[in-house]
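Everything below belongs to run14.pdb, which stores PDB, N, CA and C atoms.
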ATOM      1  N   ASN A   1      11.578   8.565   2.817
ATOM      2  CA  ASN A   1      10.931   9.104   3.998
ATOM      3  C   ASN A   1      10.934   8.063   5.110
ATOM      4  N   ASP A   2      10.975   8.543   6.318
ATOM      5  CA  ASP A   2      10.871   7.641   7.450
ATOM      6  C   ASP A   2       9.452   7.085   7.538
ATOM      7  N   MET A   3       9.352   5.902   8.139
ATOM      8  CA  MET A   3       8.028   5.319   8.358
ATOM      9  C   MET A   3       7.294   6.136   9.403
ATOM     10  N   ILE A   4       5.986   6.269   9.209
ATOM     11  CA  ILE A   4       5.142   6.945  10.192
ATOM     12  C   ILE A   4       3.893   6.091  10.401
ATOM     13  N   PRO A   5       3.221   6.267  11.516
ATOM     14  CA  PRO A   5       1.995   5.500  11.754
ATOM     15  C   PRO A   5       0.929   5.801  10.693
ATOM     16  N   TYR A   6       0.140   4.795  10.403
ATOM     17  CA  TYR A   6      -0.937   4.891   9.406
ATOM     18  C   TYR A   6      -1.803   6.118   9.639
ATOM     19  N   ARG A   7      -2.268   6.291  10.849
ATOM     20  CA  ARG A   7      -3.155   7.420  11.176
ATOM     21  C   ARG A   7      -2.484   8.748  10.869
ATOM     22  N   ASP A   8      -1.224   8.905  11.232
ATOM     23  CA  ASP A   8      -0.505  10.149  10.941
ATOM     24  C   ASP A   8      -0.433  10.397   9.442
ATOM     25  N   PHE A   9      -0.203   9.332   8.680
ATOM     26  CA  PHE A   9      -0.098   9.491   7.223
ATOM     27  C   PHE A   9      -1.416   9.947   6.624
ATOM     28  N   ILE A  10      -2.513   9.271   6.945
ATOM     29  CA  ILE A  10      -3.786   9.644   6.314
ATOM     30  C   ILE A  10      -4.253  11.028   6.762
ATOM     31  N   GLU A  11      -3.898  11.431   7.972
ATOM     32  CA  GLU A  11      -4.267  12.772   8.448
ATOM     33  C   GLU A  11      -3.525  13.872   7.701
ATOM     34  N   THR A  12      -2.284  13.622   7.313
ATOM     35  CA  THR A  12      -1.456  14.676   6.728
ATOM     36  C   THR A  12      -1.315  14.585   5.216
ATOM     37  N   CYS A  13      -1.873  13.575   4.593
ATOM     38  CA  CYS A  13      -1.770  13.421   3.146
ATOM     39  C   CYS A  13      -2.467  14.597   2.461
ATOM     40  N   SER A  14      -1.744  15.304   1.605
ATOM     41  CA  SER A  14      -2.305  16.504   0.974
ATOM     42  C   SER A  14      -2.473  16.358  -0.536
ATOM     43  N   ASN A  15      -2.400  15.145  -1.059
ATOM     44  CA  ASN A  15      -2.597  14.941  -2.491
ATOM     45  C   ASN A  15      -4.016  15.331  -2.891
ATOM     46  N   SER A  16      -4.178  15.755  -4.138
ATOM     47  CA  SER A  16      -5.506  16.191  -4.573
ATOM     48  C   SER A  16      -6.461  15.019  -4.761
ATOM     49  N   GLU A  17      -5.949  13.853  -5.112
ATOM     50  CA  GLU A  17      -6.788  12.663  -5.231
ATOM     51  C   GLU A  17      -6.198  11.579  -4.336
ATOM     52  N   LYS A  18      -7.029  11.080  -3.415
ATOM     53  CA  LYS A  18      -6.577  10.110  -2.422
ATOM     54  C   LYS A  18      -7.456   8.867  -2.504
ATOM     55  N   TYR A  19      -6.798   7.726  -2.671
ATOM     56  CA  TYR A  19      -7.513   6.468  -2.851
ATOM     57  C   TYR A  19      -6.990   5.404  -1.904
ATOM     58  N   VAL A  20      -7.885   4.496  -1.559
ATOM     59  CA  VAL A  20      -7.495   3.332  -0.770
ATOM     60  C   VAL A  20      -8.002   2.102  -1.517
ATOM     61  N   GLY A  21      -7.066   1.227  -1.896
ATOM     62  CA  GLY A  21      -7.449  -0.015  -2.559
ATOM     63  C   GLY A  21      -8.111  -0.938  -1.555
ATOM     64  N   TYR A  22      -9.303  -1.390  -1.894
ATOM     65  CA  TYR A  22     -10.066  -2.205  -0.949
ATOM     66  C   TYR A  22     -10.770  -3.315  -1.708
ATOM     67  N   LEU A  23     -10.724  -4.519  -1.179
ATOM     68  CA  LEU A  23     -11.272  -5.687  -1.866
ATOM     69  C   LEU A  23     -12.738  -5.955  -1.560
ATOM     70  N   GLY A  24     -13.402  -5.073  -0.858
ATOM     71  CA  GLY A  24     -14.803  -5.304  -0.507
ATOM     72  C   GLY A  24     -15.645  -5.647  -1.731
ATOM     73  N   ASN A  25     -16.532  -6.596  -1.594
ATOM     74  CA  ASN A  25     -17.348  -7.068  -2.715
ATOM     75  C   ASN A  25     -18.171  -5.975  -3.373
ATOM     76  N   GLU A  26     -18.588  -4.996  -2.613
ATOM     77  CA  GLU A  26     -19.425  -3.935  -3.157
ATOM     78  C   GLU A  26     -18.618  -2.856  -3.879
ATOM     79  N   ASN A  27     -17.306  -2.948  -3.836
ATOM     80  CA  ASN A  27     -16.447  -1.920  -4.412
ATOM     81  C   ASN A  27     -16.314  -2.089  -5.922
ATOM     82  N   THR A  28     -16.956  -1.200  -6.676
ATOM     83  CA  THR A  28     -16.847  -1.224  -8.139
ATOM     84  C   THR A  28     -16.285   0.092  -8.664
ATOM     85  N   ASN A  29     -15.657   0.873  -7.800
ATOM     86  CA  ASN A  29     -15.029   2.124  -8.220
ATOM     87  C   ASN A  29     -13.644   1.813  -8.765
ATOM     88  N   PHE A  30     -13.560   1.569 -10.062
ATOM     89  CA  PHE A  30     -12.277   1.232 -10.659
ATOM     90  C   PHE A  30     -11.422   2.484 -10.778
ATOM     91  N   LEU A  31     -10.171   2.379 -10.358
ATOM     92  CA  LEU A  31      -9.248   3.506 -10.402
ATOM     93  C   LEU A  31      -9.204   4.116 -11.796
ATOM     94  N   SER A  32      -9.204   3.294 -12.817
ATOM     95  CA  SER A  32      -9.133   3.790 -14.191
ATOM     96  C   SER A  32     -10.360   4.609 -14.577
ATOM     97  N   SER A  33     -11.472   4.420 -13.885
ATOM     98  CA  SER A  33     -12.700   5.145 -14.222
ATOM     99  C   SER A  33     -12.886   6.433 -13.432
ATOM    100  N   ILE A  34     -12.342   6.488 -12.206
ATOM    101  CA  ILE A  34     -12.641   7.662 -11.377
ATOM    102  C   ILE A  34     -11.497   8.652 -11.243
ATOM    103  N   SER A  35     -10.274   8.244 -11.581
ATOM    104  CA  SER A  35      -9.163   9.191 -11.453
ATOM    105  C   SER A  35      -9.210  10.202 -12.597
ATOM    106  N   LYS A  36      -8.754  11.405 -12.302
ATOM    107  CA  LYS A  36      -8.757  12.484 -13.285
ATOM    108  C   LYS A  36      -7.315  12.797 -13.682
ATOM    109  N   PRO A  37      -7.058  12.914 -14.971
ATOM    110  CA  PRO A  37      -5.698  13.222 -15.427
ATOM    111  C   PRO A  37      -5.211  14.570 -14.895
ATOM    112  N   GLY A  38      -3.914  14.656 -14.714
ATOM    113  CA  GLY A  38      -3.288  15.919 -14.359
ATOM    114  C   GLY A  38      -3.262  16.260 -12.886
ATOM    115  N   ASN A  39      -3.663  15.361 -12.040
ATOM    116  CA  ASN A  39      -3.646  15.617 -10.601
ATOM    117  C   ASN A  39      -2.487  14.875  -9.952
ATOM    118  N   ASN A  40      -2.307  15.143  -8.657
ATOM    119  CA  ASN A  40      -1.329  14.349  -7.913
ATOM    120  C   ASN A  40      -2.110  13.360  -7.052
ATOM    121  N   TYR A  41      -1.607  12.135  -6.986
ATOM    122  CA  TYR A  41      -2.360  11.035  -6.422
ATOM    123  C   TYR A  41      -1.643  10.406  -5.236
ATOM    124  N   CYS A  42      -2.452   9.839  -4.370
ATOM    125  CA  CYS A  42      -1.961   8.973  -3.311
ATOM    126  C   CYS A  42      -2.856   7.738  -3.335
ATOM    127  N   VAL A  43      -2.248   6.576  -3.452
ATOM    128  CA  VAL A  43      -3.009   5.331  -3.451
ATOM    129  C   VAL A  43      -2.468   4.454  -2.331
ATOM    130  N   LEU A  44      -3.314   4.123  -1.388
ATOM    131  CA  LEU A  44      -2.938   3.221  -0.303
ATOM    132  C   LEU A  44      -3.211   1.788  -0.741
ATOM    133  N   ILE A  45      -2.192   0.962  -0.654
ATOM    134  CA  ILE A  45      -2.316  -0.457  -0.964
ATOM    135  C   ILE A  45      -2.085  -1.213   0.335
ATOM    136  N   GLY A  46      -3.013  -2.069   0.659
ATOM    137  CA  GLY A  46      -2.954  -2.757   1.942
ATOM    138  C   GLY A  46      -2.003  -3.932   1.968
ATOM    139  N   PRO A  47      -1.844  -4.496   3.136
ATOM    140  CA  PRO A  47      -0.997  -5.674   3.311
ATOM    141  C   PRO A  47      -1.689  -6.918   2.758
ATOM    142  N   GLU A  48      -0.970  -8.019   2.725
ATOM    143  CA  GLU A  48      -1.581  -9.282   2.333
ATOM    144  C   GLU A  48      -2.798  -9.521   3.220
ATOM    145  N   GLY A  49      -3.917  -9.845   2.622
ATOM    146  CA  GLY A  49      -5.142 -10.052   3.381
ATOM    147  C   GLY A  49      -6.014  -8.812   3.449
ATOM    148  N   ASP A  50      -5.552  -7.706   2.899
ATOM    149  CA  ASP A  50      -6.314  -6.459   2.787
ATOM    150  C   ASP A  50      -6.266  -5.641   4.076
ATOM    151  N   PHE A  51      -6.775  -4.425   3.973
ATOM    152  CA  PHE A  51      -6.901  -3.551   5.131
ATOM    153  C   PHE A  51      -7.981  -4.084   6.055
ATOM    154  N   MET A  52      -7.893  -3.753   7.322
ATOM    155  CA  MET A  52      -9.001  -4.023   8.239
ATOM    156  C   MET A  52     -10.098  -3.006   7.926
ATOM    157  N   GLU A  53     -11.320  -3.372   8.152
ATOM    158  CA  GLU A  53     -12.449  -2.483   7.856
ATOM    159  C   GLU A  53     -12.303  -1.147   8.586
ATOM    160  N   GLU A  54     -11.793  -1.176   9.814
ATOM    161  CA  GLU A  54     -11.609   0.058  10.587
ATOM    162  C   GLU A  54     -10.591   0.986   9.913
ATOM    163  N   GLU A  55      -9.555   0.420   9.312
ATOM    164  CA  GLU A  55      -8.546   1.225   8.622
ATOM    165  C   GLU A  55      -9.146   1.920   7.397
ATOM    166  N   VAL A  56      -9.992   1.209   6.679
ATOM    167  CA  VAL A  56     -10.648   1.798   5.507
ATOM    168  C   VAL A  56     -11.588   2.908   5.943
ATOM    169  N   GLU A  57     -12.382   2.657   6.967
ATOM    170  CA  GLU A  57     -13.313   3.677   7.463
ATOM    171  C   GLU A  57     -12.570   4.931   7.912
ATOM    172  N   GLU A  58     -11.426   4.745   8.550
ATOM    173  CA  GLU A  58     -10.625   5.870   9.005
ATOM    174  C   GLU A  58     -10.098   6.675   7.812
ATOM    175  N   ALA A  59      -9.643   5.990   6.767
ATOM    176  CA  ALA A  59      -9.159   6.679   5.568
ATOM    177  C   ALA A  59     -10.287   7.474   4.909
ATOM    178  N   LEU A  60     -11.475   6.908   4.880
ATOM    179  CA  LEU A  60     -12.623   7.601   4.273
ATOM    180  C   LEU A  60     -12.921   8.906   5.005
ATOM    181  N   LYS A  61     -12.737   8.927   6.320
ATOM    182  CA  LYS A  61     -12.960  10.145   7.105
ATOM    183  C   LYS A  61     -12.019  11.265   6.688
ATOM    184  N   PHE A  62     -10.849  10.915   6.136
ATOM    185  CA  PHE A  62      -9.858  11.910   5.741
ATOM    186  C   PHE A  62      -9.832  12.136   4.231
ATOM    187  N   GLY A  63     -10.924  11.823   3.563
ATOM    188  CA  GLY A  63     -11.074  12.171   2.156
ATOM    189  C   GLY A  63     -10.594  11.152   1.148
ATOM    190  N   PHE A  64     -10.223   9.959   1.599
ATOM    191  CA  PHE A  64      -9.832   8.912   0.656
ATOM    192  C   PHE A  64     -11.088   8.280   0.069
ATOM    193  N   GLN A  65     -10.988   7.777  -1.143
ATOM    194  CA  GLN A  65     -12.077   7.061  -1.799
ATOM    195  C   GLN A  65     -11.654   5.608  -1.978
ATOM    196  N   CYS A  66     -12.570   4.673  -1.776
ATOM    197  CA  CYS A  66     -12.274   3.269  -2.031
ATOM    198  C   CYS A  66     -12.202   3.047  -3.527
ATOM    199  N   ILE A  67     -11.174   2.308  -3.951
ATOM    200  CA  ILE A  67     -11.042   1.979  -5.363
ATOM    201  C   ILE A  67     -10.714   0.496  -5.513
ATOM    202  N   SER A  68     -10.949   0.027  -6.716
ATOM    203  CA  SER A  68     -10.581  -1.321  -7.111
ATOM    204  C   SER A  68      -9.615  -1.205  -8.282
ATOM    205  N   LEU A  69      -8.703  -2.135  -8.381
ATOM    206  CA  LEU A  69      -7.779  -2.166  -9.515
ATOM    207  C   LEU A  69      -8.234  -3.151 -10.581
ATOM    208  N   GLY A  70      -9.361  -3.782 -10.369
ATOM    209  CA  GLY A  70      -9.895  -4.742 -11.334
ATOM    210  C   GLY A  70     -10.473  -5.942 -10.623
ATOM    211  N   LYS A  71     -10.896  -6.913 -11.412
ATOM    212  CA  LYS A  71     -11.569  -8.079 -10.853
ATOM    213  C   LYS A  71     -10.624  -9.128 -10.292
ATOM    214  N   SER A  72      -9.351  -9.061 -10.651
ATOM    215  CA  SER A  72      -8.376 -10.042 -10.161
ATOM    216  C   SER A  72      -7.803  -9.616  -8.820
ATOM    217  N   ARG A  73      -7.532 -10.577  -7.967
ATOM    218  CA  ARG A  73      -6.867 -10.291  -6.696
ATOM    219  C   ARG A  73      -5.365 -10.265  -6.962
ATOM    220  N   LEU A  74      -4.717  -9.175  -6.553
ATOM    221  CA  LEU A  74      -3.299  -8.985  -6.811
ATOM    222  C   LEU A  74      -2.495  -9.079  -5.527
ATOM    223  N   ARG A  75      -1.258  -9.504  -5.646
ATOM    224  CA  ARG A  75      -0.340  -9.463  -4.513
ATOM    225  C   ARG A  75      -0.065  -7.997  -4.187
ATOM    226  N   THR A  76       0.282  -7.711  -2.953
ATOM    227  CA  THR A  76       0.567  -6.342  -2.527
ATOM    228  C   THR A  76       1.608  -5.683  -3.425
ATOM    229  N   GLU A  77       2.688  -6.403  -3.706
ATOM    230  CA  GLU A  77       3.763  -5.840  -4.516
ATOM    231  C   GLU A  77       3.281  -5.491  -5.917
ATOM    232  N   THR A  78       2.447  -6.340  -6.490
ATOM    233  CA  THR A  78       1.936  -6.126  -7.835
ATOM    234  C   THR A  78       0.889  -5.014  -7.851
ATOM    235  N   ALA A  79       0.056  -4.946  -6.840
ATOM    236  CA  ALA A  79      -1.013  -3.944  -6.799
ATOM    237  C   ALA A  79      -0.453  -2.523  -6.851
ATOM    238  N   GLY A  80       0.629  -2.268  -6.147
ATOM    239  CA  GLY A  80       1.237  -0.939  -6.172
ATOM    240  C   GLY A  80       1.710  -0.565  -7.562
ATOM    241  N   LEU A  81       2.327  -1.518  -8.258
ATOM    242  CA  LEU A  81       2.788  -1.265  -9.624
ATOM    243  C   LEU A  81       1.622  -1.056 -10.579
ATOM    244  N   VAL A  82       0.569  -1.843 -10.422
ATOM    245  CA  VAL A  82      -0.612  -1.704 -11.275
ATOM    246  C   VAL A  82      -1.247  -0.333 -11.071
ATOM    247  N   ALA A  83      -1.381   0.110  -9.841
ATOM    248  CA  ALA A  83      -1.959   1.430  -9.569
ATOM    249  C   ALA A  83      -1.131   2.532 -10.226
ATOM    250  N   CYS A  84       0.177   2.448 -10.082
ATOM    251  CA  CYS A  84       1.057   3.450 -10.717
ATOM    252  C   CYS A  84       0.923   3.421 -12.228
ATOM    253  N   HIS A  85       0.841   2.239 -12.783
ATOM    254  CA  HIS A  85       0.721   2.106 -14.233
ATOM    255  C   HIS A  85      -0.608   2.674 -14.730
ATOM    256  N   ILE A  86      -1.693   2.376 -14.052
ATOM    257  CA  ILE A  86      -3.008   2.926 -14.435
ATOM    258  C   ILE A  86      -2.958   4.448 -14.433
ATOM    259  N   LEU A  87      -2.417   5.023 -13.370
ATOM    260  CA  LEU A  87      -2.364   6.490 -13.289
ATOM    261  C   LEU A  87      -1.416   7.074 -14.335
ATOM    262  N   ASN A  88      -0.346   6.373 -14.626
ATOM    263  CA  ASN A  88       0.566   6.832 -15.672
ATOM    264  C   ASN A  88      -0.146   6.843 -17.025
ATOM    265  N   LEU A  89      -0.898   5.784 -17.317
ATOM    266  CA  LEU A  89      -1.640   5.730 -18.579
ATOM    267  C   LEU A  89      -2.711   6.820 -18.650
ATOM    268  N   MET A  90      -3.298   7.157 -17.527
ATOM    269  CA  MET A  90      -4.313   8.223 -17.498
ATOM    270  C   MET A  90      -3.703   9.576 -17.878
ATOM    271  N   ASN A  91      -2.417   9.727 -17.657
ATOM    272  CA  ASN A  91      -1.757  11.002 -17.872
ATOM    273  C   ASN A  91      -0.907  11.049 -19.145
ATOM    274  N   VAL A  92      -0.953  10.009 -19.954
ATOM    275  CA  VAL A  92      -0.227  10.033 -21.219
ATOM    276  C   VAL A  92      -0.973  10.942 -22.184
ATOM    277  N   GLN A  93      -0.226  11.796 -22.823
ATOM    278  CA  GLN A  93      -0.891  12.725 -23.752
ATOM    279  C   GLN A  93      -0.475  12.475 -25.161
TER     280      GLN A  93
END
Write-out of the structure in structure tokens:
Amino acid sequence: NDMIPYRDFIETCSNSEKYVGYLGNENTNFLSSISKPGNNYCVLIGPEGDFMEEEVEEALKFGFQCISLGKSRLRTETAGLVACHILNLMNVQ
């Protein structure tokens, strides 16, 4: 797919479960605990240094939930793979 602006993406995302990975200290919503098997997912992984607070707030307005991938800080490239792996394990039957 062609690149599109962040705002356009979050406005048009139609997945049934929408998550934004966020490193905020208060975030204890682990993806492995809140995702439900059998759905289609969208997980936003931020750039190095995390999303700006305004970007997270904007995603929340469009139905995204803040999630954590665990207690370790991951590189952007690794975080995307970890999120996919967690969701894949949730759907193994």
Report task. Counting only C-alpha atoms, select every polymer residue within 8 Å of (-13.2, 0.0, -11.4) as defined in the file's coordinates, and provide the selection as a PyMOL selection string. Result -> chain A and resi 27-34+67-70
Query raised in the report: How would you write, as JSON, numbers by chain, the residues chosen by the PyMOL selection byres ((chain A and resi 22) around 6) on this structure?
Result: {"A": [20, 21, 23, 24, 66, 67, 68]}
Can I get the selected residues back with N, CA and C atoms, as a compact mmCIF listing (two decimals), keeping the file's coordinate frame?
# COMPACT_ATOMS: atom_id res chain seq x y z
N VAL A 20 -7.88 4.50 -1.56
CA VAL A 20 -7.50 3.33 -0.77
C VAL A 20 -8.00 2.10 -1.52
N GLY A 21 -7.07 1.23 -1.90
CA GLY A 21 -7.45 -0.02 -2.56
C GLY A 21 -8.11 -0.94 -1.56
N LEU A 23 -10.72 -4.52 -1.18
CA LEU A 23 -11.27 -5.69 -1.87
C LEU A 23 -12.74 -5.96 -1.56
N GLY A 24 -13.40 -5.07 -0.86
CA GLY A 24 -14.80 -5.30 -0.51
C GLY A 24 -15.64 -5.65 -1.73
N CYS A 66 -12.57 4.67 -1.78
CA CYS A 66 -12.27 3.27 -2.03
C CYS A 66 -12.20 3.05 -3.53
N ILE A 67 -11.17 2.31 -3.95
CA ILE A 67 -11.04 1.98 -5.36
C ILE A 67 -10.71 0.50 -5.51
N SER A 68 -10.95 0.03 -6.72
CA SER A 68 -10.58 -1.32 -7.11
C SER A 68 -9.62 -1.20 -8.28
**Report entry** Residues matched by the PyMOL selection byres ((chain A and resi 40) around 7) as a ChimeraX atom specification
**Finding:** /A:15-18,37-39,41-42
Mind working out the centre and edge lengths of an axis-aligned box for segment 60-63 of chain A, all listed atoms inside, 3 Å added to each side, rounded to one decimal in Å and written as AutoDock Vina command-line options?
--center_x -11.4 --center_y 9.5 --center_z 4.1 --size_x 9.1 --size_y 11.3 --size_z 12.0
Query raised in the report: What does the distance between atom N of Tyr19 of chain A and atom C of Gly63 of chain A come to in Å, to one decimal place?
Result: 6.4 Å
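Here the question is which of A:Glu11, A:Asp50, A:Glu26, A:Asp2 gets nearest to Ala79 of chain A using only C-alpha atoms, and that residue is A:Asp50.
Between Gly46 of chain A and the residues A:Arg75, A:Lys61, A:Arg7, A:His85, the shortest atom-to-atom distance, using only C-alpha atoms, involves A:Arg75.
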Pick out each residue of chain A that DSSP on the backbone tags as alpha helix (DSSP H); I need them as a short mmCIF file (atom, residue, chain, number, x, y, z; two decimals) with N, CA and C atoms, keeping the file's coordinate frame.
data_model
loop_
_atom_site.label_atom_id
_atom_site.label_comp_id
_atom_site.auth_asym_id
_atom_site.auth_seq_id
_atom_site.Cartn_x
_atom_site.Cartn_y
_atom_site.Cartn_z
N TYR A 6 0.14 4.80 10.40
CA TYR A 6 -0.94 4.89 9.41
C TYR A 6 -1.80 6.12 9.64
N ARG A 7 -2.27 6.29 10.85
CA ARG A 7 -3.16 7.42 11.18
C ARG A 7 -2.48 8.75 10.87
N ASP A 8 -1.22 8.90 11.23
CA ASP A 8 -0.50 10.15 10.94
C ASP A 8 -0.43 10.40 9.44
N PHE A 9 -0.20 9.33 8.68
CA PHE A 9 -0.10 9.49 7.22
C PHE A 9 -1.42 9.95 6.62
N ILE A 10 -2.51 9.27 6.94
CA ILE A 10 -3.79 9.64 6.31
C ILE A 10 -4.25 11.03 6.76
N GLU A 11 -3.90 11.43 7.97
CA GLU A 11 -4.27 12.77 8.45
C GLU A 11 -3.52 13.87 7.70
N THR A 12 -2.28 13.62 7.31
CA THR A 12 -1.46 14.68 6.73
C THR A 12 -1.32 14.58 5.22
N LEU A 31 -10.17 2.38 -10.36
CA LEU A 31 -9.25 3.51 -10.40
C LEU A 31 -9.20 4.12 -11.80
N SER A 32 -9.20 3.29 -12.82
CA SER A 32 -9.13 3.79 -14.19
C SER A 32 -10.36 4.61 -14.58
N SER A 33 -11.47 4.42 -13.88
CA SER A 33 -12.70 5.14 -14.22
C SER A 33 -12.89 6.43 -13.43
N ILE A 34 -12.34 6.49 -12.21
CA ILE A 34 -12.64 7.66 -11.38
C ILE A 34 -11.50 8.65 -11.24
N GLU A 53 -11.32 -3.37 8.15
CA GLU A 53 -12.45 -2.48 7.86
C GLU A 53 -12.30 -1.15 8.59
N GLU A 54 -11.79 -1.18 9.81
CA GLU A 54 -11.61 0.06 10.59
C GLU A 54 -10.59 0.99 9.91
N GLU A 55 -9.56 0.42 9.31
CA GLU A 55 -8.55 1.23 8.62
C GLU A 55 -9.15 1.92 7.40
N VAL A 56 -9.99 1.21 6.68
CA VAL A 56 -10.65 1.80 5.51
C VAL A 56 -11.59 2.91 5.94
N GLU A 57 -12.38 2.66 6.97
CA GLU A 57 -13.31 3.68 7.46
C GLU A 57 -12.57 4.93 7.91
N GLU A 58 -11.43 4.74 8.55
CA GLU A 58 -10.62 5.87 9.01
C GLU A 58 -10.10 6.68 7.81
N ALA A 59 -9.64 5.99 6.77
CA ALA A 59 -9.16 6.68 5.57
C ALA A 59 -10.29 7.47 4.91
N LEU A 60 -11.48 6.91 4.88
CA LEU A 60 -12.62 7.60 4.27
C LEU A 60 -12.92 8.91 5.00
N LYS A 61 -12.74 8.93 6.32
CA LYS A 61 -12.96 10.14 7.10
C LYS A 61 -12.02 11.26 6.69
N THR A 76 0.28 -7.71 -2.95
CA THR A 76 0.57 -6.34 -2.53
C THR A 76 1.61 -5.68 -3.42
N GLU A 77 2.69 -6.40 -3.71
CA GLU A 77 3.76 -5.84 -4.52
C GLU A 77 3.28 -5.49 -5.92
N THR A 78 2.45 -6.34 -6.49
CA THR A 78 1.94 -6.13 -7.84
C THR A 78 0.89 -5.01 -7.85
N ALA A 79 0.06 -4.95 -6.84
CA ALA A 79 -1.01 -3.94 -6.80
C ALA A 79 -0.45 -2.52 -6.85
N GLY A 80 0.63 -2.27 -6.15
CA GLY A 80 1.24 -0.94 -6.17
C GLY A 80 1.71 -0.56 -7.56
N LEU A 81 2.33 -1.52 -8.26
CA LEU A 81 2.79 -1.26 -9.62
C LEU A 81 1.62 -1.06 -10.58
N VAL A 82 0.57 -1.84 -10.42
CA VAL A 82 -0.61 -1.70 -11.28
C VAL A 82 -1.25 -0.33 -11.07
N ALA A 83 -1.38 0.11 -9.84
CA ALA A 83 -1.96 1.43 -9.57
C ALA A 83 -1.13 2.53 -10.23
N CYS A 84 0.18 2.45 -10.08
CA CYS A 84 1.06 3.45 -10.72
C CYS A 84 0.92 3.42 -12.23
N HIS A 85 0.84 2.24 -12.78
CA HIS A 85 0.72 2.11 -14.23
C HIS A 85 -0.61 2.67 -14.73
N ILE A 86 -1.69 2.38 -14.05
CA ILE A 86 -3.01 2.93 -14.44
C ILE A 86 -2.96 4.45 -14.43
N LEU A 87 -2.42 5.02 -13.37
CA LEU A 87 -2.36 6.49 -13.29
C LEU A 87 -1.42 7.07 -14.34
N ASN A 88 -0.35 6.37 -14.63
CA ASN A 88 0.57 6.83 -15.67
C ASN A 88 -0.15 6.84 -17.02
N LEU A 89 -0.90 5.78 -17.32
CA LEU A 89 -1.64 5.73 -18.58
C LEU A 89 -2.71 6.82 -18.65
N MET A 90 -3.30 7.16 -17.53
CA MET A 90 -4.31 8.22 -17.50
C MET A 90 -3.70 9.58 -17.88
#
Requested in this report: Can you check which residues of chain A DSSP gives as strand (DSSP E) on the backbone and send them as a list in words?
Outcome: Glu17, Lys18, Tyr19, Val20, Gly21, Tyr41, Cys42, Val43, Leu44, Gln65, Cys66 and Ile67 of chain A
Query - Residue nearest Glu58 of chain A - candidates A:Leu44, A:Ser72, A:Ile10, A:Ile86, atoms counted: only N, CA and C atoms - result: A:Ile10
